[in-house]
$ cat data.tsv   # TSV, C-alpha atoms
chain	number	residue	atom	x	y	z
A	10	MET	CA	-34.96	-8.28	-23.58
A	11	THR	CA	-33.62	-5.01	-25.00
A	12	ASP	CA	-35.93	-2.04	-25.62
A	13	LYS	CA	-35.45	-2.53	-29.36
A	14	ALA	CA	-36.33	-6.23	-29.17
A	15	ALA	CA	-39.30	-5.52	-26.94
A	16	LYS	CA	-40.63	-3.06	-29.50
A	17	ARG	CA	-40.45	-5.69	-32.24
A	18	TRP	CA	-42.10	-8.38	-30.12
A	19	LYS	CA	-45.85	-8.40	-29.85
A	20	GLU	CA	-48.14	-10.68	-27.89
A	21	PRO	CA	-50.22	-12.91	-30.16
A	22	LEU	CA	-53.87	-11.94	-30.47
A	23	ALA	CA	-57.09	-13.92	-30.57
A	24	ARG	CA	-60.52	-12.70	-31.66
A	25	TYR	CA	-63.41	-12.77	-29.22
A	26	VAL	CA	-66.34	-14.71	-30.71
A	27	GLY	CA	-68.82	-14.77	-27.85
A	28	THR	CA	-69.72	-15.72	-24.30
A	29	LEU	CA	-70.96	-19.26	-23.66
A	30	VAL	CA	-71.72	-18.95	-19.95
A	31	TYR	CA	-72.61	-15.71	-18.20
A	32	VAL	CA	-73.13	-15.60	-14.43
A	33	ASP	CA	-72.75	-12.03	-13.13
A	34	GLU	CA	-69.96	-11.74	-15.72
A	35	PRO	CA	-68.51	-13.97	-18.48
A	36	GLN	CA	-67.43	-17.37	-17.13
A	37	VAL	CA	-66.83	-19.43	-20.30
A	38	ILE	CA	-66.00	-17.71	-23.60
A	39	LEU	CA	-64.93	-18.64	-27.11
A	40	LEU	CA	-62.04	-17.09	-29.09
A	41	GLU	CA	-60.95	-17.59	-32.69
A	42	HIS	CA	-57.25	-18.18	-33.24
A	43	GLY	CA	-56.73	-19.21	-36.84
A	44	ILE	CA	-57.87	-21.39	-39.71
A	45	ASP	CA	-58.44	-24.59	-37.71
A	46	SER	CA	-58.38	-23.49	-34.12
A	47	LYS	CA	-60.53	-21.96	-31.43
A	48	ILE	CA	-59.72	-21.21	-27.82
A	49	ILE	CA	-62.36	-22.17	-25.30
A	50	ALA	CA	-61.62	-20.38	-22.05
A	51	LEU	CA	-62.73	-20.53	-18.43
A	52	ALA	CA	-62.66	-17.68	-15.91
A	53	ILE	CA	-60.16	-18.31	-13.10
A	54	GLU	CA	-58.66	-16.44	-10.16
A	55	LYS	CA	-55.06	-15.35	-10.68
A	56	ASP	CA	-53.06	-12.48	-9.22
A	57	GLY	CA	-52.05	-9.69	-11.58
A	58	TYR	CA	-55.16	-9.96	-13.79
A	59	ASP	CA	-58.40	-8.01	-13.70
A	60	HIS	CA	-60.51	-10.71	-15.39
A	61	PRO	CA	-58.24	-13.74	-15.91
A	62	PHE	CA	-59.05	-16.69	-18.17
A	63	LEU	CA	-57.35	-19.99	-18.93
A	64	GLY	CA	-57.98	-21.21	-22.48
A	65	ALA	CA	-57.38	-24.47	-24.35
A	66	GLU	CA	-56.69	-24.36	-28.10
A	67	ILE	CA	-58.98	-26.88	-29.77
A	68	SER	CA	-59.59	-27.89	-33.39
A	69	LEU	CA	-62.80	-27.18	-35.25
A	70	SER	CA	-63.72	-30.87	-35.22
A	71	GLN	CA	-63.36	-30.88	-31.42
A	72	TRP	CA	-65.55	-27.80	-31.23
A	73	GLN	CA	-68.20	-29.53	-33.36
A	74	ARG	CA	-68.06	-32.66	-31.17
A	75	TYR	CA	-68.38	-30.51	-28.05
A	76	LYS	CA	-71.40	-28.67	-29.49
A	77	ARG	CA	-73.12	-32.01	-30.11
A	78	GLU	CA	-72.26	-33.22	-26.57
A	79	PHE	CA	-69.92	-36.04	-27.59
A	80	VAL	CA	-67.36	-34.62	-25.13
A	81	ASP	CA	-67.55	-32.41	-22.07
A	82	LEU	CA	-65.68	-29.19	-21.29
A	83	ARG	CA	-63.11	-30.90	-19.08
A	84	TYR	CA	-62.09	-33.19	-21.94
A	85	LEU	CA	-61.31	-30.15	-24.12
A	86	PHE	CA	-59.05	-28.75	-21.40
A	87	LEU	CA	-57.28	-32.08	-20.86
A	88	GLN	CA	-56.92	-33.09	-24.54
A	89	PRO	CA	-56.90	-29.98	-26.78
A	90	ARG	CA	-56.00	-30.92	-30.37
A	91	TRP	CA	-53.17	-28.39	-30.65
A	92	ASN	CA	-51.77	-29.15	-27.19
A	93	ARG	CA	-51.60	-25.46	-26.28
A	94	TRP	CA	-53.08	-23.49	-23.39
A	95	TYR	CA	-53.21	-19.71	-22.93
A	96	LEU	CA	-53.69	-17.12	-20.21
A	97	PHE	CA	-55.28	-13.77	-20.94
A	98	ASP	CA	-57.07	-10.87	-19.32
A	99	LEU	CA	-60.51	-10.24	-20.80
A	100	GLN	CA	-60.27	-6.70	-19.48
A	101	LYS	CA	-57.73	-6.04	-22.28
A	102	LEU	CA	-60.23	-6.83	-25.05
A	103	ASN	CA	-60.01	-3.94	-27.56
A	104	LYS	CA	-62.63	-2.30	-29.77
A	105	ASP	CA	-61.80	-4.73	-32.61
A	106	LYS	CA	-62.61	-7.66	-30.30
A	107	LEU	CA	-58.97	-8.73	-30.14
A	108	VAL	CA	-57.31	-9.74	-26.89
A	109	PRO	CA	-53.59	-10.45	-26.26
A	110	ILE	CA	-52.85	-14.02	-25.13
A	111	THR	CA	-49.76	-15.68	-23.64
A	112	ARG	CA	-48.82	-19.36	-23.43
A	113	ALA	CA	-49.76	-20.86	-20.08
A	114	GLU	CA	-47.26	-22.73	-17.93
A	115	ARG	CA	-47.77	-26.36	-16.97
A	116	THR	CA	-48.48	-25.27	-13.41
A	117	ASP	CA	-51.51	-23.38	-14.77
A	118	TYR	CA	-53.08	-25.87	-17.19
A	119	LYS	CA	-52.49	-28.78	-14.79
A	120	ASN	CA	-53.88	-26.86	-11.83
A	121	GLU	CA	-57.09	-28.66	-10.73
A	122	GLU	CA	-58.41	-25.42	-9.25
A	123	TYR	CA	-58.46	-23.94	-12.77
A	124	LEU	CA	-59.92	-26.93	-14.62
A	125	PRO	CA	-63.66	-27.58	-15.13
A	126	SER	CA	-65.25	-30.61	-13.53
A	127	HIS	CA	-66.46	-33.59	-15.54
A	128	GLY	CA	-70.08	-33.47	-16.67
A	129	PHE	CA	-70.28	-29.89	-17.97
A	130	PHE	CA	-71.65	-30.12	-21.53
A	131	SER	CA	-72.69	-27.55	-24.12
A	132	ARG	CA	-76.31	-27.94	-22.98
A	133	ASP	CA	-75.24	-26.15	-19.78
A	134	HIS	CA	-74.39	-22.93	-21.64
A	135	THR	CA	-76.46	-19.92	-20.68
A	136	GLU	CA	-76.02	-18.20	-24.06
A	137	THR	CA	-77.33	-19.36	-27.46
A	138	LEU	CA	-74.68	-21.10	-29.55
A	139	GLU	CA	-76.34	-20.29	-32.88
A	140	GLU	CA	-76.06	-16.56	-32.22
A	141	ILE	CA	-72.34	-16.91	-31.56
A	142	ILE	CA	-71.60	-18.97	-34.66
A	143	ALA	CA	-73.53	-16.57	-36.87
A	144	THR	CA	-71.40	-13.57	-35.83
A	145	ASP	CA	-69.57	-13.27	-39.16
A	146	PHE	CA	-71.80	-15.52	-41.27
A	147	ALA	CA	-74.05	-14.21	-44.02
A	148	THR	CA	-76.09	-15.24	-47.05
A	149	GLN	CA	-75.48	-13.89	-50.54
A	150	LYS	CA	-78.49	-14.26	-52.83
A	151	TYR	CA	-78.04	-14.72	-56.58
A	152	LEU	CA	-81.10	-14.38	-58.81
A	153	ILE	CA	-81.09	-16.96	-61.61
A	154	ASP	CA	-83.05	-17.20	-64.85
A	155	GLY	CA	-83.13	-19.33	-67.95
A	156	THR	CA	-82.41	-23.07	-68.03
A	157	TRP	CA	-80.32	-24.54	-65.21
A	158	GLU	CA	-79.24	-28.17	-65.11
A	159	PRO	CA	-77.71	-29.65	-61.93
A	160	VAL	CA	-74.28	-29.49	-63.55
A	161	ASP	CA	-74.74	-25.74	-64.17
A	162	LEU	CA	-75.40	-25.15	-60.48
A	163	SER	CA	-72.35	-27.22	-59.63
A	164	ILE	CA	-70.15	-25.21	-62.03
A	165	PHE	CA	-71.53	-21.90	-60.75
A	166	PHE	CA	-70.88	-22.90	-57.14
A	167	GLY	CA	-67.39	-24.10	-58.09
A	168	ARG	CA	-66.51	-20.74	-59.68
A	169	ILE	CA	-67.55	-18.84	-56.57
A	170	ASN	CA	-65.96	-21.38	-54.24
A	171	ASP	CA	-62.55	-20.92	-55.90
A	172	LEU	CA	-62.82	-17.13	-55.51
A	173	TYR	CA	-64.03	-17.51	-51.92
A	174	ALA	CA	-61.09	-19.76	-50.97
A	175	PHE	CA	-58.64	-17.40	-52.70
A	176	PHE	CA	-59.84	-14.30	-50.86
A	177	LEU	CA	-60.20	-16.05	-47.51
A	178	GLY	CA	-56.72	-17.52	-47.80
A	179	ILE	CA	-55.24	-14.06	-48.33
A	180	GLU	CA	-57.32	-12.62	-45.49
A	181	LYS	CA	-56.16	-15.40	-43.15
A	182	PHE	CA	-52.55	-14.68	-44.05
A	183	ARG	CA	-53.00	-10.97	-43.27
A	184	SER	CA	-54.90	-11.57	-40.03
A	185	GLU	CA	-53.15	-11.05	-36.69
A	186	THR	CA	-55.20	-13.91	-35.21
A	187	THR	CA	-53.75	-16.51	-37.60
A	188	THR	CA	-51.01	-18.60	-35.99
A	189	ARG	CA	-47.52	-18.97	-37.44
A	190	GLU	CA	-48.19	-22.61	-38.21
A	191	GLN	CA	-51.32	-21.76	-40.14
A	192	LYS	CA	-49.55	-19.00	-42.06
A	193	ARG	CA	-46.79	-21.47	-42.86
A	194	ASN	CA	-49.42	-23.85	-44.30
A	195	LEU	CA	-50.74	-21.05	-46.49
A	196	VAL	CA	-47.24	-20.23	-47.74
A	197	GLU	CA	-46.70	-23.91	-48.58
A	198	THR	CA	-49.95	-23.94	-50.55
A	199	PHE	CA	-48.87	-20.89	-52.57
A	200	THR	CA	-45.39	-22.28	-53.26
A	201	GLN	CA	-45.59	-26.08	-53.50
A	202	HIS	CA	-47.51	-26.29	-56.80
A	203	PRO	CA	-45.41	-25.88	-59.98
A	204	MET	CA	-48.23	-24.08	-61.82
A	205	ARG	CA	-47.25	-25.72	-65.09
A	206	GLY	CA	-50.66	-27.04	-66.16
A	207	GLY	CA	-54.35	-27.42	-65.35
A	208	SER	CA	-53.97	-29.97	-62.54
A	209	SER	CA	-51.56	-27.70	-60.67
A	210	TYR	CA	-54.15	-24.94	-60.50
A	211	ILE	CA	-56.94	-27.35	-59.53
A	212	ASN	CA	-54.77	-28.69	-56.72
A	213	PHE	CA	-53.83	-25.16	-55.63
A	214	TYR	CA	-57.44	-24.04	-55.17
A	215	GLY	CA	-58.35	-27.42	-53.70
A	216	ASP	CA	-55.63	-27.10	-51.06
A	217	LEU	CA	-56.80	-23.57	-50.22
A	218	LYS	CA	-60.29	-24.93	-49.55
A	219	GLY	CA	-58.79	-27.67	-47.40
A	220	LEU	CA	-57.23	-25.08	-45.10
A	221	LEU	CA	-60.56	-23.40	-44.34
A	222	GLY	CA	-62.31	-23.98	-41.05
A	223	PHE	CA	-65.50	-26.04	-41.12
A	224	GLU	CA	-67.73	-23.10	-40.12
A	225	GLU	CA	-66.04	-20.75	-42.62
A	226	ARG	CA	-66.51	-22.82	-45.73
A	227	LEU	CA	-68.86	-21.75	-48.45
A	228	SER	CA	-72.11	-23.69	-48.61
A	229	MET	CA	-75.23	-23.66	-50.74
A	230	GLY	CA	-78.46	-22.86	-48.91
A	231	SER	CA	-81.91	-22.45	-50.48
A	232	ILE	CA	-82.33	-23.13	-54.21
A	233	VAL	CA	-85.35	-22.28	-56.37
A	234	LYS	CA	-84.66	-23.40	-59.96
A	235	GLN	CA	-87.77	-21.96	-61.59
A	236	SER	CA	-87.28	-19.11	-64.07
A	237	PRO	CA	-86.77	-16.73	-62.45
A	238	GLY	CA	-85.43	-18.32	-59.26
A	239	PHE	CA	-82.56	-17.86	-56.84
A	240	VAL	CA	-79.59	-19.52	-55.16
A	241	ASP	CA	-78.44	-18.66	-51.64
A	242	LEU	CA	-74.74	-19.07	-50.83
A	243	GLN	CA	-73.64	-18.93	-47.21
A	244	GLY	CA	-70.21	-18.01	-45.91
A	245	ARG	CA	-68.19	-15.37	-44.14
A	246	SER	CA	-69.84	-12.01	-44.71
A	247	ASP	CA	-66.59	-10.12	-45.35
A	248	ILE	CA	-65.44	-12.60	-47.99
A	249	LEU	CA	-68.83	-12.72	-49.72
A	250	SER	CA	-68.72	-8.91	-49.88
A	251	GLU	CA	-65.19	-9.07	-51.29
A	252	ILE	CA	-66.38	-11.31	-54.13
A	253	VAL	CA	-69.14	-8.81	-54.96
A	254	GLY	CA	-66.55	-6.01	-54.94
A	255	ALA	CA	-64.22	-8.06	-57.16
A	256	TYR	CA	-67.05	-8.52	-59.65
A	257	ASP	CA	-67.55	-4.73	-59.75
A	258	PHE	CA	-63.81	-4.27	-60.36
A	259	TYR	CA	-63.90	-6.77	-63.19
A	260	LEU	CA	-67.02	-5.23	-64.73
A	261	GLU	CA	-65.44	-1.77	-64.72
A	262	ASN	CA	-62.03	-2.86	-66.05
A	263	GLN	CA	-62.82	-5.90	-68.20
A	264	GLU	CA	-61.42	-4.54	-71.48
A	265	GLN	CA	-58.21	-3.35	-69.82
A	266	LEU	CA	-57.95	-6.64	-67.92
A	267	LYS	CA	-58.31	-8.65	-71.11
A	268	ASP	CA	-55.42	-6.72	-72.68
A	269	GLN	CA	-53.27	-7.07	-69.57
A	270	TYR	CA	-54.03	-10.79	-69.30
A	271	ASN	CA	-53.10	-11.41	-72.94
A	272	ALA	CA	-49.94	-9.31	-72.64
A	273	LEU	CA	-48.73	-11.07	-69.47
A	274	ARG	CA	-49.57	-14.57	-70.64
A	275	GLY	CA	-48.15	-13.83	-74.09
A	276	TYR	CA	-44.85	-12.70	-72.57
A	277	LEU	CA	-44.62	-15.82	-70.38
A	278	SER	CA	-45.41	-18.06	-73.35
A	279	LYS	CA	-42.95	-16.35	-75.69
A	280	SER	CA	-40.23	-16.51	-73.03
A	281	LYS	CA	-41.05	-20.20	-72.37
A	282	PHE	CA	-41.86	-19.45	-68.71
A	283	LEU	CA	-45.34	-21.01	-68.67
A	284	LYS	CA	-43.95	-24.56	-68.32
A	285	LEU	CA	-40.78	-23.58	-66.46
A	286	ALA	CA	-40.33	-25.04	-62.98
A	287	PRO	CA	-40.36	-22.22	-60.36
A	288	GLU	CA	-36.97	-23.21	-58.93
A	289	LYS	CA	-35.35	-22.74	-62.36
A	290	PHE	CA	-36.55	-19.15	-62.73
A	291	ASP	CA	-34.10	-16.33	-61.96
A	292	LYS	CA	-35.99	-14.12	-59.48
A	293	THR	CA	-33.40	-11.33	-59.74
A	294	GLY	CA	-32.91	-11.07	-63.50
A	295	PRO	CA	-34.33	-8.51	-65.96
A	296	ALA	CA	-37.21	-10.84	-66.91
A	297	ALA	CA	-38.26	-11.01	-63.26
A	298	LYS	CA	-38.27	-7.23	-63.00
A	299	HIS	CA	-40.36	-6.93	-66.17
A	300	ILE	CA	-42.87	-9.55	-64.98
A	301	ARG	CA	-43.16	-7.86	-61.58
A	302	GLY	CA	-44.04	-4.55	-63.23
A	303	MET	CA	-46.71	-6.20	-65.37
A	304	CYS	CA	-48.11	-7.97	-62.28
A	305	ASN	CA	-48.33	-4.72	-60.33
A	306	ASP	CA	-50.44	-3.14	-63.07
A	307	PHE	CA	-52.52	-6.29	-63.52
A	308	SER	CA	-53.28	-6.67	-59.80
A	309	ARG	CA	-54.35	-3.03	-59.51
A	310	SER	CA	-56.85	-3.51	-62.33
A	311	LEU	CA	-58.08	-6.72	-60.67
A	312	GLY	CA	-58.33	-5.09	-57.25
A	313	VAL	CA	-56.22	-7.89	-55.72
A	314	ASP	CA	-53.74	-7.48	-52.84
A	315	ASN	CA	-50.50	-8.10	-54.72
A	316	GLN	CA	-48.34	-7.44	-51.63
A	317	ALA	CA	-49.92	-10.37	-49.78
A	318	ILE	CA	-49.42	-12.67	-52.80
A	319	ASP	CA	-45.84	-11.45	-53.05
A	320	ARG	CA	-45.19	-12.53	-49.45
A	321	LEU	CA	-47.09	-15.78	-49.84
A	322	THR	CA	-45.01	-16.81	-52.86
A	323	GLY	CA	-41.69	-15.81	-51.29
A	324	ASN	CA	-41.31	-12.79	-53.62
A	325	HIS	CA	-41.42	-14.98	-56.72
A	326	PRO	CA	-42.53	-12.89	-59.77
A	327	LEU	CA	-43.29	-15.91	-61.97
A	328	MET	CA	-45.49	-17.54	-59.32
A	329	ILE	CA	-47.28	-14.23	-58.72
A	330	ALA	CA	-47.96	-13.91	-62.44
A	331	LYS	CA	-49.35	-17.44	-62.77
A	332	ILE	CA	-51.59	-17.02	-59.71
A	333	LEU	CA	-52.96	-13.71	-60.98
A	334	LEU	CA	-53.62	-15.26	-64.40
A	335	SER	CA	-55.45	-18.17	-62.77
A	336	TYR	CA	-57.52	-15.80	-60.64
A	337	HIS	CA	-58.47	-13.78	-63.74
A	338	ARG	CA	-59.63	-16.93	-65.53
A	339	ARG	CA	-61.91	-17.83	-62.64
A	340	MET	CA	-63.30	-14.32	-62.37
A	341	GLU	CA	-63.92	-14.29	-66.13
A	342	ARG	CA	-65.86	-17.59	-65.94
A	343	TYR	CA	-67.84	-16.31	-62.97
A	344	PHE	CA	-68.64	-13.10	-64.87
A	345	LEU	CA	-69.84	-15.13	-67.86
A	346	PHE	CA	-72.92	-16.29	-65.94
A	347	PHE	CA	-73.92	-12.63	-65.54
A	348	ALA	CA	-73.07	-11.80	-69.16
A	349	GLU	CA	-75.32	-14.64	-70.34
A	350	GLY	CA	-78.23	-13.08	-68.44
A	351	ARG	CA	-78.61	-16.15	-66.21
A	352	VAL	CA	-77.45	-14.49	-62.97
A	353	LYS	CA	-78.14	-11.12	-61.33
A	354	PHE	CA	-77.59	-9.58	-57.94
A	355	PRO	CA	-80.89	-8.64	-56.22
A	356	GLU	CA	-79.89	-4.97	-56.14
A	357	ASP	CA	-79.50	-4.97	-59.95
A	358	THR	CA	-83.20	-5.71	-60.55
$ encode --input "data.tsv" --output "structure tokens"
Amino acid sequence: MTDKAAKRWKEPLARYVGTLVYVDEPQVILLEHGIDSKIIALAIEKDGYDHPFLGAEISLSQWQRYKREFVDLRYLFLQPRWNRWYLFDLQKLNKDKLVPITRAERTDYKNEEYLPSHGFFSRDHTETLEEIIATDFATQKYLIDGTWEPVDLSIFFGRINDLYAFFLGIEKFRSETTTREQKRNLVETFTQHPMRGGSSYINFYGDLKGLLGFEERLSMGSIVKQSPGFVDLQGRSDILSEIVGAYDFYLENQEQLKDQYNALRGYLSKSKFLKLAPEKFDKTGPAAKHIRGMCNDFSRSLGVDNQAIDRLTGNHPLMIAKILLSYHRRMERYFLFFAEGRVKFPEDT
């Protein structure tokens, strides 16, 4: 490998989640490696490493089955869902809890000296699983008032769930711990829908939710429907915070956003681009340049990462515009619950 190529190449990274077994030092640990994958790793002895581990890349469903003792640790190492094994040195864990990993050779993951014995189950862990899973999990409380029917709660949850999936999808795409395959799935989600009508947008947000890991998905916790009452939503703390920040952006810029939304949608409608198939749009023409400029201004007012959406759509100005318009509509409907006086953040009381 040339010096120039070596500079471009970087070892993939995985995020340290927690230690499952600790005897003098970590013996079994858990890493996160993307939307639907974790690496469960066992300490081994290997020359050239300070604290070597062999890890198997498992799916979230396998992790859930392991937690409930349907399978043992050896099974995960013999039959990992993604059929990938990694070597890494825990000594290289950085301050951001990221560690470089390399694909293991067959001689490593088939080495009986490295593999756990049958009969080791999650009950044998020395550390508490709940503490590990809760690392990046949080609860966002919404105070509610007025009359709430079950359908209202469902609609409110649906509004937030769309925003949650949108922000988490973008964050996953930007993350160094997301695998190429998972990023490719995200790109397909952002490009495979024609965005020519309501069902396209419903399917787009539905597919984004389908790419989320089981433990990352938004869920509804405690509900008290009296007036006043509250609803607790549980999910990744960083994404829940991003939704709160997006609300603040919308609140501050709502008049400007309304004008920008109408201008962008009006231009697409007048130019007959709203129903145009993406593959028939000229991405290099003057209309594309004009739309891109409008999108840049619109995304800044929304507080949305337009560069990530640009990459996710394959630099397609029309797709970017339609996605930003759809995001604005969902934020507007979410904001309406606050405007009606039916929802408040606890800190606003």
$ atom_distance --input "data.tsv" --atom1 "atom CA of Ser209 of chain A" --atom2 "atom CA of Leu273 of chain A"
19.0 Å
$ closest_residue --input "data.tsv" --among "A:Thr198, A:Thr293, A:Gln149, A:Asn170" --to "Asp216 of chain A" --atoms "only C-alpha atoms"
A:Thr198
$ residues_around --input "data.tsv" --residues "Tyr270 of chain A" --least-positions-apart "6" --cutoff "10 Å" --atoms "only C-alpha atoms" --output "PyMOL selection string"
chain A and resi 264+276+303-304+307+330+333-335+337-338
$ closest_residue --input "data.tsv" --among "A:Lys281, A:Arg226, A:Lys353, A:Arg301" --to "Ile329 of chain A" --atoms "only C-alpha atoms"
A:Arg301
$ atom_distance --input "data.tsv" --atom1 "atom CA of Ile153 of chain A" --atom2 "atom CA of Gly244 of chain A"
19.1 Å
$ residues_around --input "data.tsv" --residues "segment 177-181 of chain A" --least-positions-apart "3" --cutoff "8 Å" --atoms "all atoms listed in the file" --output "PyMOL selection string"
chain A and resi 43-44+173-174+184+187+192+195+217+221+248+317-318
$ residues_around --input "data.tsv" --residues "Phe62 of chain A" --least-positions-apart "2" --cutoff "10 Å" --atoms "only C-alpha atoms" --output "MDAnalysis selection string"
chainID A and resid 35:38 49:55 58:60 64 95:99 110 123
$ atom_distance --input "data.tsv" --atom1 "atom CA of Ser46 of chain A" --atom2 "atom CA of Thr322 of chain A"
24.0 Å
$ closest_residue --input "data.tsv" --among "A:Phe199, A:Trp94, A:Phe165, A:Tyr84" --to "Pro287 of chain A" --atoms "all atoms listed in the file"
A:Phe199
$ closest_residue --input "data.tsv" --among "A:Val196, A:Leu29, A:Leu152, A:Ala147" --to "Lys76 of chain A" --atoms "all atoms listed in the file"
A:Leu29
$ closest_residue --input "data.tsv" --among "A:Lys292, A:His127, A:Lys47, A:Lys104" --to "Arg90 of chain A" --atoms "all atoms listed in the file"
A:Lys47
$ closest_residue --input "data.tsv" --among "A:Tyr336, A:His134, A:Phe346, A:Leu63" --to "Thr28 of chain A" --atoms "all atoms listed in the file"
A:His134
$ residues_around --input "data.tsv" --residues "Leu327 of chain A" --least-positions-apart "4" --cutoff "9 Å" --atoms "only C-alpha atoms" --output "list in words"
Leu277, Phe282, Leu283, Pro287, Phe290, Lys292, Ala297, Ile300, Arg301, Lys331 and Ile332 of chain A
$ write_last_selection --input "data.tsv" --atoms "C-alpha atoms" --output "PDB file, keeping the file's coordinate frame"
ATOM      1  CA  LEU A 277     -44.620 -15.820 -70.380  1.00  0.00           C
ATOM      2  CA  PHE A 282     -41.860 -19.450 -68.710  1.00  0.00           C
ATOM      3  CA  LEU A 283     -45.340 -21.010 -68.670  1.00  0.00           C
ATOM      4  CA  PRO A 287     -40.360 -22.220 -60.360  1.00  0.00           C
ATOM      5  CA  PHE A 290     -36.550 -19.150 -62.730  1.00  0.00           C
ATOM      6  CA  LYS A 292     -35.990 -14.120 -59.480  1.00  0.00           C
ATOM      7  CA  ALA A 297     -38.260 -11.010 -63.260  1.00  0.00           C
ATOM      8  CA  ILE A 300     -42.870  -9.550 -64.980  1.00  0.00           C
ATOM      9  CA  ARG A 301     -43.160  -7.860 -61.580  1.00  0.00           C
ATOM     10  CA  LYS A 331     -49.350 -17.440 -62.770  1.00  0.00           C
ATOM     11  CA  ILE A 332     -51.590 -17.020 -59.710  1.00  0.00           C
TER      12      ILE A 332
END
$ residues_near_point --input "data.tsv" --point "(-67.4, -12.1, -65.6)" --cutoff "12 Å" --atoms "only C-alpha atoms" --output "ChimeraX atom specification"
/A:165,168-169,252-253,255-264,266-267,311,336-353
$ residues_near_point --input "data.tsv" --point "(-59.5, -16.5, -32.8)" --cutoff "6 Å" --atoms "only C-alpha atoms" --output "list in words"
Ala23, Arg24, Leu40, Glu41, His42, Gly43, Lys47 and Thr186 of chain A
$ axis_aligned_box --input "data.tsv" --around "segment 192-199 of chain A" --padding-each-side "3 Å" --output "JSON"
{"center_x": -48.7, "center_y": -21.5, "center_z": -47.3, "size_x": 10.0, "size_y": 10.9, "size_z": 16.5}
